[in-house]
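File shown here: data-v5.cif, holding mmCIF, C-alpha atoms (C1' of nucleotides).
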```cif
data_structure
loop_
_atom_site.group_PDB
_atom_site.id
_atom_site.type_symbol
_atom_site.label_atom_id
_atom_site.label_comp_id
_atom_site.auth_asym_id
_atom_site.auth_seq_id
_atom_site.Cartn_x
_atom_site.Cartn_y
_atom_site.Cartn_z
ATOM 1 C CA MET G 86 152.889 132.601 156.024
ATOM 2 C CA PHE G 87 155.472 133.062 153.325
ATOM 3 C CA SER G 88 153.600 135.105 150.818
ATOM 4 C CA MET G 89 155.979 135.735 147.975
ATOM 5 C CA ARG G 90 156.027 135.696 144.228
ATOM 6 C CA LEU G 91 158.845 133.771 142.662
ATOM 7 C CA GLN G 92 160.609 135.720 139.974
ATOM 8 C CA GLY G 93 163.010 134.678 137.308
ATOM 9 C CA GLY G 94 166.677 135.476 137.631
ATOM 10 C CA ALA G 95 167.780 134.135 140.978
ATOM 11 C CA PRO G 96 167.244 130.450 141.829
ATOM 12 C CA ILE G 97 164.107 129.629 143.799
ATOM 13 C CA TYR G 98 166.009 128.327 146.791
ATOM 14 C CA GLU G 99 167.903 131.627 147.007
ATOM 15 C CA GLN G 100 164.798 133.772 146.725
ATOM 16 C CA LEU G 101 163.155 131.820 149.502
ATOM 17 C CA GLU G 102 166.292 132.046 151.618
ATOM 18 C CA GLN G 103 166.359 135.799 151.064
ATOM 19 C CA ARG G 104 162.713 136.144 152.050
ATOM 20 C CA ILE G 105 163.040 134.147 155.265
ATOM 21 C CA THR G 106 166.208 136.039 156.134
ATOM 22 C CA GLU G 107 164.260 139.270 155.901
ATOM 23 C CA LEU G 108 161.455 137.956 158.099
ATOM 24 C CA ILE G 109 163.919 136.969 160.786
ATOM 25 C CA LEU G 110 165.991 140.144 160.633
ATOM 26 C CA ASN G 111 162.908 142.349 160.686
ATOM 27 C CA GLY G 112 161.708 140.623 163.818
ATOM 28 C CA GLN G 113 158.610 139.265 162.083
ATOM 29 C CA MET G 114 159.800 135.872 163.223
ATOM 30 C CA THR G 115 161.284 135.633 166.685
ATOM 31 C CA GLU G 116 163.643 133.335 168.540
ATOM 32 C CA ASN G 117 162.586 129.689 168.757
ATOM 33 C CA GLU G 118 159.562 130.314 166.578
ATOM 34 C CA LYS G 119 158.761 127.305 164.479
ATOM 35 C CA LEU G 120 159.086 127.556 160.746
ATOM 36 C CA PRO G 121 156.610 125.852 158.414
ATOM 37 C CA ALA G 122 157.480 122.278 157.514
ATOM 38 C CA VAL G 123 159.508 121.669 154.395
ATOM 39 C CA ARG G 124 156.593 119.951 152.698
ATOM 40 C CA GLU G 125 154.219 122.705 153.802
ATOM 41 C CA ILE G 126 156.155 125.487 152.145
ATOM 42 C CA ALA G 127 156.645 123.362 149.065
ATOM 43 C CA LYS G 128 152.896 122.926 148.795
ATOM 44 C CA GLN G 129 152.110 126.616 149.309
ATOM 45 C CA LEU G 130 154.618 127.803 146.733
ATOM 46 C CA SER G 131 154.015 124.890 144.378
ATOM 47 C CA ILE G 132 157.670 123.973 144.330
ATOM 48 C CA ASN G 133 159.559 120.809 145.093
ATOM 49 C CA PRO G 134 160.279 119.859 148.718
ATOM 50 C CA ASN G 135 163.905 119.287 147.784
ATOM 51 C CA THR G 136 164.191 122.923 146.836
ATOM 52 C CA VAL G 137 162.900 124.030 150.219
ATOM 53 C CA GLN G 138 165.211 121.572 151.899
ATOM 54 C CA LYS G 139 168.145 123.280 150.261
ATOM 55 C CA THR G 140 166.962 126.644 151.538
ATOM 56 C CA TYR G 141 166.671 125.348 155.100
ATOM 57 C CA ALA G 142 170.119 123.771 154.908
ATOM 58 C CA ASN G 143 171.607 127.103 153.842
ATOM 59 C CA LEU G 144 169.768 129.023 156.541
ATOM 60 C CA GLU G 145 171.049 126.601 159.144
ATOM 61 C CA ALA G 146 174.607 126.881 157.802
ATOM 62 C CA ARG G 147 174.355 130.662 158.196
ATOM 63 C CA GLY G 148 173.134 130.287 161.772
ATOM 64 C CA LEU G 149 169.695 131.785 161.187
ATOM 65 C CA ILE G 150 167.741 128.665 162.062
ATOM 66 C CA TYR G 151 168.325 125.315 163.726
ATOM 67 C CA SER G 152 166.646 122.104 162.702
ATOM 68 C CA ILE G 153 165.764 119.114 164.819
ATOM 69 C CA PRO G 154 165.033 115.982 162.792
ATOM 70 C CA ALA G 155 161.499 114.727 163.234
ATOM 71 C CA LYS G 156 160.570 117.873 165.142
ATOM 72 C CA GLY G 157 160.969 120.933 163.027
ATOM 73 C CA SER G 158 163.033 123.999 162.185
ATOM 74 C CA TYR G 159 163.192 127.011 164.453
ATOM 75 C CA VAL G 160 164.525 130.554 164.430
ATOM 76 C CA ALA G 161 167.907 130.711 166.131
ATOM 77 C CA ALA G 162 168.877 133.113 168.899
ATOM 78 C CA ARG G 163 169.782 136.545 167.604
ATOM 79 C CA GLY G 164 173.317 136.318 168.952
ATOM 80 C CA GLU G 165 173.934 133.292 166.773
ATOM 81 C CA TYR G 166 173.642 135.043 163.452
ATOM 82 C CA LEU G 167 173.387 138.792 163.827
ATOM 83 C CA ASP G 168 177.046 139.720 163.398
ATOM 84 C CA LYS G 169 177.534 137.233 160.612
ATOM 85 C CA VAL G 170 174.486 138.306 158.627
ATOM 86 C CA ARG G 171 175.265 141.975 159.081
ATOM 87 C CA GLY G 172 178.739 141.248 157.754
ATOM 88 C CA GLU G 173 177.261 139.518 154.732
ATOM 89 C CA SER G 174 174.952 142.433 154.036
ATOM 90 C CA MET G 175 177.707 145.007 154.371
ATOM 91 C CA GLU G 176 180.006 143.062 152.095
ATOM 92 C CA ALA G 177 177.313 142.682 149.463
ATOM 93 C CA PHE G 178 176.542 146.373 149.616
ATOM 94 C CA SER G 179 180.221 147.276 149.420
ATOM 95 C CA GLU G 180 180.475 145.258 146.258
ATOM 96 C CA ALA G 181 177.558 147.162 144.767
ATOM 97 C CA VAL G 182 179.223 150.450 145.658
ATOM 98 C CA ARG G 183 182.498 149.463 144.015
ATOM 99 C CA LYS G 184 180.694 148.390 140.893
ATOM 100 C CA ALA G 185 178.695 151.609 140.723
ATOM 101 C CA LEU G 186 181.869 153.667 141.094
ATOM 102 C CA LYS G 187 183.554 151.693 138.330
ATOM 103 C CA GLN G 188 180.607 152.477 136.109
ATOM 104 C CA GLY G 189 181.113 156.176 136.567
ATOM 105 C CA LEU G 190 178.674 157.132 139.309
ATOM 106 C CA THR G 191 180.037 159.546 141.894
ATOM 107 C CA ALA G 192 179.949 159.128 145.659
ATOM 108 C CA LYS G 193 177.649 162.124 145.837
ATOM 109 C CA GLU G 194 175.211 160.479 143.459
ATOM 110 C CA LEU G 195 175.226 157.272 145.491
ATOM 111 C CA HIS G 196 174.432 159.220 148.646
ATOM 112 C CA GLU G 197 171.569 160.916 146.863
ATOM 113 C CA ILE G 198 170.127 157.644 145.639
ATOM 114 C CA ILE G 199 170.046 156.328 149.190
ATOM 115 C CA ASP G 200 168.269 159.424 150.440
ATOM 116 C CA ASN G 201 165.753 159.302 147.630
ATOM 117 C CA ILE G 202 164.861 155.723 148.435
ATOM 118 C CA ILE G 203 164.439 156.557 152.091
ATOM 119 C CA ASN G 204 162.110 159.435 151.274
ATOM 120 C CA ASN G 205 160.011 157.607 148.722
ATOM 121 C CA ASN G 206 159.399 154.682 151.039
ATOM 122 C CA SER G 207 158.045 156.921 153.786
ATOM 123 C CA LYS G 208 155.949 159.112 151.494
ATOM 124 C CA GLU G 209 154.051 156.143 150.111
ATOM 125 C CA GLU G 210 153.586 157.371 146.590
ATOM 126 C CA MET E 276 194.483 144.879 126.200
ATOM 127 C CA PHE E 277 191.743 143.199 128.165
ATOM 128 C CA SER E 278 193.618 141.865 131.118
ATOM 129 C CA MET E 279 191.063 140.178 133.293
ATOM 130 C CA ARG E 280 190.659 136.990 135.239
ATOM 131 C CA LEU E 281 187.472 135.116 134.606
ATOM 132 C CA GLN E 282 185.734 134.151 137.788
ATOM 133 C CA GLY E 283 182.974 131.709 138.491
ATOM 134 C CA GLY E 284 179.473 132.938 139.162
ATOM 135 C CA ALA E 285 178.540 135.182 136.290
ATOM 136 C CA PRO E 286 178.701 133.915 132.696
ATOM 137 C CA ILE E 287 181.882 134.711 130.788
ATOM 138 C CA TYR E 288 180.128 136.857 128.209
ATOM 139 C CA GLU E 289 178.673 139.007 131.004
ATOM 140 C CA GLN E 290 181.976 139.421 132.788
ATOM 141 C CA LEU E 291 183.614 140.506 129.570
ATOM 142 C CA GLU E 292 180.762 142.878 128.834
ATOM 143 C CA GLN E 293 181.124 144.367 132.300
ATOM 144 C CA ARG E 294 184.864 144.831 131.839
ATOM 145 C CA ILE E 295 184.601 146.564 128.481
ATOM 146 C CA THR E 296 181.797 148.737 129.808
ATOM 147 C CA GLU E 297 184.123 149.943 132.543
ATOM 148 C CA LEU E 298 186.927 150.682 130.099
ATOM 149 C CA ILE E 299 184.630 152.805 127.979
ATOM 150 C CA LEU E 300 182.972 154.634 130.856
ATOM 151 C CA ASN E 301 186.310 155.368 132.503
ATOM 152 C CA GLY E 302 187.557 156.901 129.292
ATOM 153 C CA GLN E 303 190.292 154.298 128.881
ATOM 154 C CA MET E 304 188.764 153.660 125.513
ATOM 155 C CA THR E 305 187.595 156.672 123.573
ATOM 156 C CA GLU E 306 185.149 157.416 120.796
ATOM 157 C CA ASN E 307 185.747 155.551 117.536
ATOM 158 C CA GLU E 308 188.613 153.601 119.027
ATOM 159 C CA LYS E 309 188.823 150.129 117.545
ATOM 160 C CA LEU E 310 188.183 147.175 119.765
ATOM 161 C CA PRO E 311 190.184 143.957 119.406
ATOM 162 C CA ALA E 312 188.776 141.475 116.910
ATOM 163 C CA VAL E 313 186.402 138.848 118.167
ATOM 164 C CA ARG E 314 188.882 136.084 117.430
ATOM 165 C CA GLU E 315 191.688 138.076 119.026
ATOM 166 C CA ILE E 316 189.980 138.415 122.394
ATOM 167 C CA ALA E 317 188.934 134.784 122.235
ATOM 168 C CA LYS E 318 192.556 133.784 121.798
ATOM 169 C CA GLN E 319 193.832 135.991 124.598
ATOM 170 C CA LEU E 320 191.270 134.786 127.115
ATOM 171 C CA SER E 321 191.254 131.216 125.844
ATOM 172 C CA ILE E 322 187.536 131.248 125.278
ATOM 173 C CA ASN E 323 185.333 130.556 122.294
ATOM 174 C CA PRO E 324 184.834 133.243 119.626
ATOM 175 C CA ASN E 325 181.091 132.701 119.888
ATOM 176 C CA THR E 326 181.211 133.827 123.496
ATOM 177 C CA VAL E 327 182.955 137.068 122.550
ATOM 178 C CA GLN E 328 180.507 137.545 119.732
ATOM 179 C CA LYS E 329 177.676 137.469 122.215
ATOM 180 C CA THR E 330 179.406 140.111 124.324
ATOM 181 C CA TYR E 331 179.852 142.406 121.331
ATOM 182 C CA ALA E 332 176.252 141.954 120.306
ATOM 183 C CA ASN E 333 175.109 142.985 123.777
ATOM 184 C CA LEU E 334 177.431 145.988 123.863
ATOM 185 C CA GLU E 335 176.102 147.113 120.516
ATOM 186 C CA ALA E 336 172.504 146.660 121.673
ATOM 187 C CA ARG E 337 173.280 148.906 124.652
ATOM 188 C CA GLY E 338 174.771 151.522 122.353
ATOM 189 C CA LEU E 339 178.301 151.326 123.728
ATOM 190 C CA ILE E 340 179.908 150.153 120.496
ATOM 191 C CA TYR E 341 179.069 149.902 116.829
ATOM 192 C CA SER E 342 180.233 147.135 114.536
ATOM 193 C CA ILE E 343 180.921 147.255 110.837
ATOM 194 C CA PRO E 344 181.060 143.825 109.198
ATOM 195 C CA ALA E 345 184.429 143.029 107.712
ATOM 196 C CA LYS E 346 185.950 146.134 109.334
ATOM 197 C CA GLY E 347 185.721 145.950 113.071
ATOM 198 C CA SER E 348 183.967 147.133 116.208
ATOM 199 C CA TYR E 349 184.407 150.622 117.582
ATOM 200 C CA VAL E 350 183.543 152.629 120.662
ATOM 201 C CA ALA E 351 180.379 154.647 120.086
ATOM 202 C CA ALA E 352 179.975 158.367 120.682
ATOM 203 C CA ARG E 353 179.404 159.197 124.329
ATOM 204 C CA GLY E 354 176.021 160.707 123.639
ATOM 205 C CA GLU E 355 174.792 157.392 122.284
ATOM 206 C CA TYR E 356 175.002 155.478 125.534
ATOM 207 C CA LEU E 357 175.781 157.738 128.467
ATOM 208 C CA ASP E 358 172.261 158.369 129.707
ATOM 209 C CA LYS E 359 171.193 154.807 129.154
ATOM 210 C CA VAL E 360 174.177 153.268 130.924
ATOM 211 C CA ARG E 361 173.957 155.713 133.797
ATOM 212 C CA GLY E 362 170.332 154.715 134.178
ATOM 213 C CA GLU E 363 171.287 151.057 134.278
ATOM 214 C CA SER E 364 173.925 151.708 136.911
ATOM 215 C CA MET E 365 171.623 153.767 139.085
ATOM 216 C CA GLU E 366 168.887 151.179 138.913
ATOM 217 C CA ALA E 367 171.271 148.394 139.852
ATOM 218 C CA PHE E 368 172.591 150.406 142.767
ATOM 219 C CA SER E 369 169.076 151.283 143.904
ATOM 220 C CA GLU E 370 168.273 147.607 144.024
ATOM 221 C CA ALA E 371 171.314 146.981 146.195
ATOM 222 C CA VAL E 372 170.226 149.759 148.562
ATOM 223 C CA ARG E 373 166.727 148.340 148.928
ATOM 224 C CA LYS E 374 168.090 144.905 149.633
ATOM 225 C CA ALA E 375 170.535 146.215 152.229
ATOM 226 C CA LEU E 376 167.737 148.116 153.966
ATOM 227 C CA LYS E 377 165.569 145.005 154.035
ATOM 228 C CA GLN E 378 168.416 143.163 155.677
ATOM 229 C CA GLY E 379 168.516 145.611 158.535
ATOM 230 C CA LEU E 380 171.251 148.033 157.588
ATOM 231 C CA THR E 381 170.482 151.685 158.266
ATOM 232 C CA ALA E 382 170.804 154.551 155.816
ATOM 233 C CA LYS E 383 173.521 155.983 158.014
ATOM 234 C CA GLU E 384 175.503 152.772 157.764
ATOM 235 C CA LEU E 385 175.159 152.734 154.010
ATOM 236 C CA HIS E 386 176.470 156.288 153.798
ATOM 237 C CA GLU E 387 179.429 155.311 155.966
ATOM 238 C CA ILE E 388 180.259 152.301 153.812
ATOM 239 C CA ILE E 389 180.421 154.522 150.749
ATOM 240 C CA ASP E 390 182.722 156.982 152.466
ATOM 241 C CA ASN E 391 184.972 154.209 153.737
ATOM 242 C CA ILE E 392 185.384 152.808 150.253
ATOM 243 C CA ILE E 393 186.209 156.228 148.870
ATOM 244 C CA ASN E 394 188.848 156.797 151.527
ATOM 245 C CA ASN E 395 190.452 153.379 151.270
ATOM 246 C CA ASN E 396 190.823 153.606 147.527
ATOM 247 C CA SER E 397 192.697 156.896 147.706
ATOM 248 C CA LYS E 398 194.914 155.950 150.642
ATOM 249 C CA GLU E 399 196.183 152.855 148.872
ATOM 250 C CA GLU E 400 196.512 150.544 151.860
ATOM 251 C "C1'" DT J 225 148.836 103.467 165.269
ATOM 252 C "C1'" DA J 226 148.688 107.273 161.995
ATOM 253 C "C1'" DA J 227 150.393 111.449 160.597
ATOM 254 C "C1'" DC J 228 153.914 114.333 160.790
ATOM 255 C "C1'" DT J 229 159.031 115.874 161.053
ATOM 256 C "C1'" DG J 230 163.981 116.653 158.905
ATOM 257 C "C1'" DT J 231 167.100 114.290 156.150
ATOM 258 C "C1'" DA J 232 169.086 111.519 152.472
ATOM 259 C "C1'" DT J 233 169.487 109.540 147.981
ATOM 260 C "C1'" DC J 234 168.372 108.384 143.443
ATOM 261 C "C1'" DA J 235 167.073 109.469 138.617
ATOM 262 C "C1'" DT J 236 165.318 112.701 135.355
ATOM 263 C "C1'" DC J 237 164.423 116.977 132.876
ATOM 264 C "C1'" DT J 238 165.373 121.559 131.311
ATOM 265 C "C1'" DA J 239 167.549 125.965 130.123
ATOM 266 C "C1'" DG J 240 171.641 128.374 129.739
ATOM 267 C "C1'" DA J 241 176.378 128.597 128.855
ATOM 268 C "C1'" DT J 242 180.172 127.111 126.296
ATOM 269 C "C1'" DT J 243 182.640 124.854 122.909
ATOM 270 C "C1'" DA J 244 183.488 123.310 118.181
ATOM 271 C "C1'" DG J 245 183.328 123.617 113.428
ATOM 272 C "C1'" DT J 246 182.061 125.726 109.259
ATOM 273 C "C1'" DA J 247 180.673 129.198 106.174
ATOM 274 C "C1'" DC J 248 179.872 133.749 103.910
ATOM 275 C "C1'" DA J 249 180.649 138.406 102.294
ATOM 276 C "C1'" DG J 250 183.307 142.385 102.661
ATOM 277 C "C1'" DT J 251 187.896 144.901 104.052
ATOM 278 C "C1'" DT J 252 192.619 145.657 104.151
ATOM 279 C "C1'" DG J 253 197.517 145.599 102.985
ATOM 280 C "C1'" DT J 254 200.934 143.840 100.045
ATOM 281 C "C1'" DA A 152 194.959 139.456 92.478
ATOM 282 C "C1'" DC A 153 196.021 137.461 96.656
ATOM 283 C "C1'" DA A 154 196.243 136.293 101.508
ATOM 284 C "C1'" DA A 155 194.816 137.540 105.813
ATOM 285 C "C1'" DC A 156 191.719 139.611 108.340
ATOM 286 C "C1'" DT A 157 186.858 141.357 109.752
ATOM 287 C "C1'" DG A 158 181.867 140.736 111.734
ATOM 288 C "C1'" DT A 159 178.220 137.657 111.343
ATOM 289 C "C1'" DA A 160 175.507 133.454 111.037
ATOM 290 C "C1'" DC A 161 174.420 128.791 111.655
ATOM 291 C "C1'" DT A 162 174.296 123.982 113.394
ATOM 292 C "C1'" DA A 163 175.570 120.535 116.578
ATOM 293 C "C1'" DA A 164 177.516 118.659 120.781
ATOM 294 C "C1'" DT A 165 178.649 119.049 125.503
ATOM 295 C "C1'" DC A 166 178.375 120.534 130.198
ATOM 296 C "C1'" DT A 167 176.363 122.360 134.300
ATOM 297 C "C1'" DA A 168 173.093 124.278 137.677
ATOM 298 C "C1'" DG A 169 168.631 124.351 138.877
ATOM 299 C "C1'" DA A 170 164.534 122.078 139.633
ATOM 300 C "C1'" DT A 171 161.488 118.184 139.755
ATOM 301 C "C1'" DG A 172 159.726 113.523 141.064
ATOM 302 C "C1'" DA A 173 159.840 109.674 143.858
ATOM 303 C "C1'" DT A 174 161.153 107.023 147.583
ATOM 304 C "C1'" DA A 175 163.006 105.892 151.943
ATOM 305 C "C1'" DC A 176 164.470 106.184 156.872
ATOM 306 C "C1'" DA A 177 164.381 107.270 161.761
ATOM 307 C "C1'" DG A 178 162.384 109.879 165.186
ATOM 308 C "C1'" DT A 179 158.273 112.874 167.060
ATOM 309 C "C1'" DT A 180 153.800 113.781 168.193
ATOM 310 C "C1'" DA A 181 148.920 113.297 169.162
#
```

Would you kindly transcribe this structure into structure tokens?
Amino acid sequence: MFSMRLQGGAPIYEQLEQRITELILNGQMTENEKLPAVREIAKQLSINPNTVQKTYANLEARGLIYSIPAKGSYVAARGEYLDKVRGESMEAFSEAVRKALKQGLTAKELHEIIDNIINNNSKEE
Amino acid sequence: MFSMRLQGGAPIYEQLEQRITELILNGQMTENEKLPAVREIAKQLSINPNTVQKTYANLEARGLIYSIPAKGSYVAARGEYLDKVRGESMEAFSEAVRKALKQGLTAKELHEIIDNIINNNSKEE
DNA sequence: TAACTGTATCATCTAGATTAGTACAGTTGT
DNA sequence: ACAACTGTACTAATCTAGATGATACAGTTA
């Protein structure tokens, strides 16, 4: 279900949170769909259940999922999180833009980088 | 000289490295200009000299400065680091773009965010 | 009843960051 | 020559976040 390779750098619980966020935003998981159990994910990724628990707690705090004790965790309704998560994404991207400008890149160059990424992803090479 | 407020999140030595990188790239520090002594910066920012030492070592490894024992540390020639640092910046920004796209933002939105930042910074309000 | 669920709490371990202290060799200015 | 400075190196101690391990509880599901 959650195929992913854990990399160094960011904490595990953040990487997992990022991955599940993507699945929900991309529509690969839909409203009220049940997420794997905490212990299940922990087993698949060979990490500690406590680490997964932290991820689920964060996702719930951001409105992406809701958890019912003794039942399970489920994808929340899109209206519950969409604006908030989009705001988070835009703010994070804005920060990256400001940093890039400080480091001497021009607005034109940033636009070009975006377009290049778009093109490369569709050309599949 | 290095007015900056240390924030949580990133390590101190990285924040300082980031700050000095900006000063050099923006031309606020020019070729062969002497940087403050390790102990001097440590005093100003109320941090440990070892922390500053680590920052200087990283800056030298990236080609932004050169250090002469018993003399001081100086801003390197622009040709020594420009391509490398620009590459770093572009790669970091590319990563931010990919992440934003994964999180559902469109290329059009990303372009708009860039333009908004450019406009707001020049309008000063 | 047995197996599962989210949740909570405890202790432990580790790596990274930071501080602290000291030392050395070379320079700079007086 | 001298004192004050420079980058550099090293060791040790401390602190914190991240992650693990283990256990427990109350509620559900089949």

Point to revise | d(CA of His196 in chain G, CA of Ile389 in chain E) in Å | key: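 Between these atoms lies a distance of 7.9 Å.
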
Point to revise | chain G residues near chain A (9 Å cut-off, all atoms listed in the file) as a ChimeraX atom specification | key: /G:96-97,132-133,135-136,154-156

Point to revise | Selected residue, from E:Ala317, E:Ala367, E:Leu310, E:Ala382, that lies nearest to chain J when counting only C-alpha atoms (C1' of nucleotides) | key: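 Among E:Ala317, E:Ala367, E:Leu310, E:Ala382, it is E:Ala317 that comes nearest to chain J.
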
For the contact check between chain G and chain J, emit one row per residue of chain G within 9 Å, containing the shortest atom pair and the distance in Å rounded to one decimal, counting all atoms listed in the file, chain then rising number order, as a tab-separated table.
```
residue	atom	partner	partner_atom	distance
G:Ala122	CA	J:DT229	C1'	7.5
G:Val123	CA	J:DG230	C1'	8.1
G:Gln138	CA	J:DT231	C1'	8.6
G:Ser152	CA	J:DG230	C1'	7.2
G:Ile153	CA	J:DG230	C1'	6.6
G:Pro154	CA	J:DG230	C1'	4.1
G:Ala155	CA	J:DT229	C1'	3.5
G:Lys156	CA	J:DT229	C1'	4.8
G:Gly157	CA	J:DT229	C1'	5.8
G:Ser158	CA	J:DG230	C1'	8.1
```

**Study point:** Residues selected by the PyMOL selection byres ((chain E) within 12 of (chain G)), written as a ChimeraX atom specification
**Key:** /E:284-285,293-303,357-396

Study note, to complete from the structure: Pairwise distance, CA of Thr330 in chain E with CA of Tyr356 in chain E, equals 16.0 Å

Check your understanding: When you draw a straight line from CA of Ser131 in chain G to CA of Glu116 in chain G, how long is it in Å?
Key -> 27.3 Å

Once chain E is superposed on chain G with a least-squares fit on all C-alpha pairs taken in order, can you show it as a tab-separated table (two decimals) with C-alpha atoms, keeping the file's coordinate frame?
```tsv
chain	number	residue	atom	x	y	z
E	276	MET	CA	152.94	132.74	155.86
E	277	PHE	CA	155.53	133.10	153.15
E	278	SER	CA	153.69	135.13	150.60
E	279	MET	CA	156.11	135.69	147.78
E	280	ARG	CA	156.17	135.57	144.03
E	281	LEU	CA	158.98	133.60	142.53
E	282	GLN	CA	160.78	135.50	139.84
E	283	GLY	CA	163.18	134.40	137.17
E	284	GLY	CA	166.87	135.11	137.53
E	285	ALA	CA	167.92	133.77	140.88
E	286	PRO	CA	167.31	130.12	141.79
E	287	ILE	CA	164.16	129.39	143.77
E	288	TYR	CA	166.02	128.12	146.81
E	289	GLU	CA	167.99	131.39	146.96
E	290	GLN	CA	164.92	133.57	146.62
E	291	LEU	CA	163.24	131.69	149.42
E	292	GLU	CA	166.36	131.93	151.55
E	293	GLN	CA	166.47	135.66	150.94
E	294	ARG	CA	162.82	136.06	151.91
E	295	ILE	CA	163.10	134.13	155.16
E	296	THR	CA	166.29	135.99	156.00
E	297	GLU	CA	164.38	139.25	155.73
E	298	LEU	CA	161.55	138.00	157.92
E	299	ILE	CA	163.98	137.02	160.64
E	300	LEU	CA	166.10	140.16	160.46
E	301	ASN	CA	163.04	142.40	160.47
E	302	GLY	CA	161.81	140.70	163.61
E	303	GLN	CA	158.69	139.37	161.90
E	304	MET	CA	159.86	136.00	163.06
E	305	THR	CA	161.32	135.81	166.53
E	306	GLU	CA	163.65	133.53	168.44
E	307	ASN	CA	162.54	129.90	168.71
E	308	GLU	CA	159.53	130.52	166.53
E	309	LYS	CA	158.69	127.47	164.45
E	310	LEU	CA	159.03	127.68	160.72
E	311	PRO	CA	156.55	125.96	158.41
E	312	ALA	CA	157.38	122.35	157.57
E	313	VAL	CA	159.41	121.68	154.48
E	314	ARG	CA	156.50	119.95	152.80
E	315	GLU	CA	154.15	122.74	153.84
E	316	ILE	CA	156.13	125.49	152.14
E	317	ALA	CA	156.60	123.29	149.10
E	318	LYS	CA	152.84	122.91	148.83
E	319	GLN	CA	152.12	126.60	149.26
E	320	LEU	CA	154.65	127.70	146.66
E	321	SER	CA	154.03	124.75	144.37
E	322	ILE	CA	157.66	123.76	144.37
E	323	ASN	CA	159.51	120.58	145.22
E	324	PRO	CA	160.22	119.70	148.87
E	325	ASN	CA	163.85	119.10	147.95
E	326	THR	CA	164.16	122.73	146.94
E	327	VAL	CA	162.86	123.91	150.31
E	328	GLN	CA	165.14	121.45	152.03
E	329	LYS	CA	168.10	123.09	150.36
E	330	THR	CA	166.95	126.50	151.57
E	331	TYR	CA	166.64	125.27	155.16
E	332	ALA	CA	170.05	123.66	155.02
E	333	ASN	CA	171.58	126.95	153.89
E	334	LEU	CA	169.75	128.94	156.56
E	335	GLU	CA	170.99	126.55	159.20
E	336	ALA	CA	174.55	126.76	157.87
E	337	ARG	CA	174.34	130.55	158.20
E	338	GLY	CA	173.10	130.23	161.76
E	339	LEU	CA	169.69	131.78	161.16
E	340	ILE	CA	167.69	128.68	162.08
E	341	TYR	CA	168.22	125.37	163.79
E	342	SER	CA	166.49	122.15	162.83
E	343	ILE	CA	165.56	119.22	165.00
E	344	PRO	CA	164.78	116.05	163.04
E	345	ALA	CA	161.24	114.87	163.48
E	346	LYS	CA	160.32	118.08	165.33
E	347	GLY	CA	160.79	121.08	163.12
E	348	SER	CA	162.93	124.08	162.25
E	349	TYR	CA	163.12	127.14	164.45
E	350	VAL	CA	164.50	130.65	164.38
E	351	ALA	CA	167.88	130.79	166.10
E	352	ALA	CA	168.88	133.20	168.84
E	353	ARG	CA	169.84	136.61	167.50
E	354	GLY	CA	173.35	136.35	168.84
E	355	GLU	CA	173.96	133.28	166.70
E	356	TYR	CA	173.70	135.02	163.35
E	357	LEU	CA	173.49	138.78	163.72
E	358	ASP	CA	177.14	139.65	163.26
E	359	LYS	CA	177.62	137.15	160.49
E	360	VAL	CA	174.57	138.24	158.51
E	361	ARG	CA	175.36	141.90	158.97
E	362	GLY	CA	178.81	141.18	157.61
E	363	GLU	CA	177.33	139.46	154.58
E	364	SER	CA	175.01	142.38	153.93
E	365	MET	CA	177.75	144.96	154.26
E	366	GLU	CA	180.05	143.06	151.95
E	367	ALA	CA	177.34	142.71	149.33
E	368	PHE	CA	176.56	146.40	149.54
E	369	SER	CA	180.24	147.31	149.34
E	370	GLU	CA	180.48	145.35	146.14
E	371	ALA	CA	177.55	147.27	144.71
E	372	VAL	CA	179.21	150.56	145.64
E	373	ARG	CA	182.47	149.62	143.95
E	374	LYS	CA	180.66	148.59	140.82
E	375	ALA	CA	178.63	151.80	140.72
E	376	LEU	CA	181.81	153.86	141.11
E	377	LYS	CA	183.48	151.96	138.29
E	378	GLN	CA	180.51	152.76	136.11
E	379	GLY	CA	180.99	156.46	136.61
E	380	LEU	CA	178.59	157.34	139.38
E	381	THR	CA	179.95	159.74	142.00
E	382	ALA	CA	179.89	159.25	145.75
E	383	LYS	CA	177.59	162.23	145.99
E	384	GLU	CA	175.13	160.61	143.62
E	385	LEU	CA	175.19	157.40	145.60
E	386	HIS	CA	174.42	159.29	148.80
E	387	GLU	CA	171.51	161.01	147.06
E	388	ILE	CA	170.08	157.73	145.79
E	389	ILE	CA	170.04	156.37	149.33
E	390	ASP	CA	168.26	159.44	150.65
E	391	ASN	CA	165.72	159.35	147.84
E	392	ILE	CA	164.85	155.75	148.60
E	393	ILE	CA	164.45	156.53	152.28
E	394	ASN	CA	162.13	159.43	151.55
E	395	ASN	CA	160.01	157.63	148.97
E	396	ASN	CA	159.41	154.67	151.23
E	397	SER	CA	158.07	156.83	154.04
E	398	LYS	CA	155.96	159.10	151.85
E	399	GLU	CA	154.11	156.16	150.35
E	400	GLU	CA	153.65	157.49	146.82
```

Exercise for review: Name the residues in contact with Phe87 in chain G at a cut-off of 9 Å, using all atoms listed in the file, excluding same-chain residues fewer than 2 positions from it; report them as a list in words.
Suggested key: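 Contacts, in chain order: Met89, Leu101, Arg104, Ile105, Pro121, Ile126, Gln129 and Leu130 of chain G.
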
Practice item. Go through the shown structure with the PyMOL selection byres ((chain E and resi 350) around 6) and write out the matching residues as a PyMOL selection string. Key: chain E and resi 306-308+340+349+351
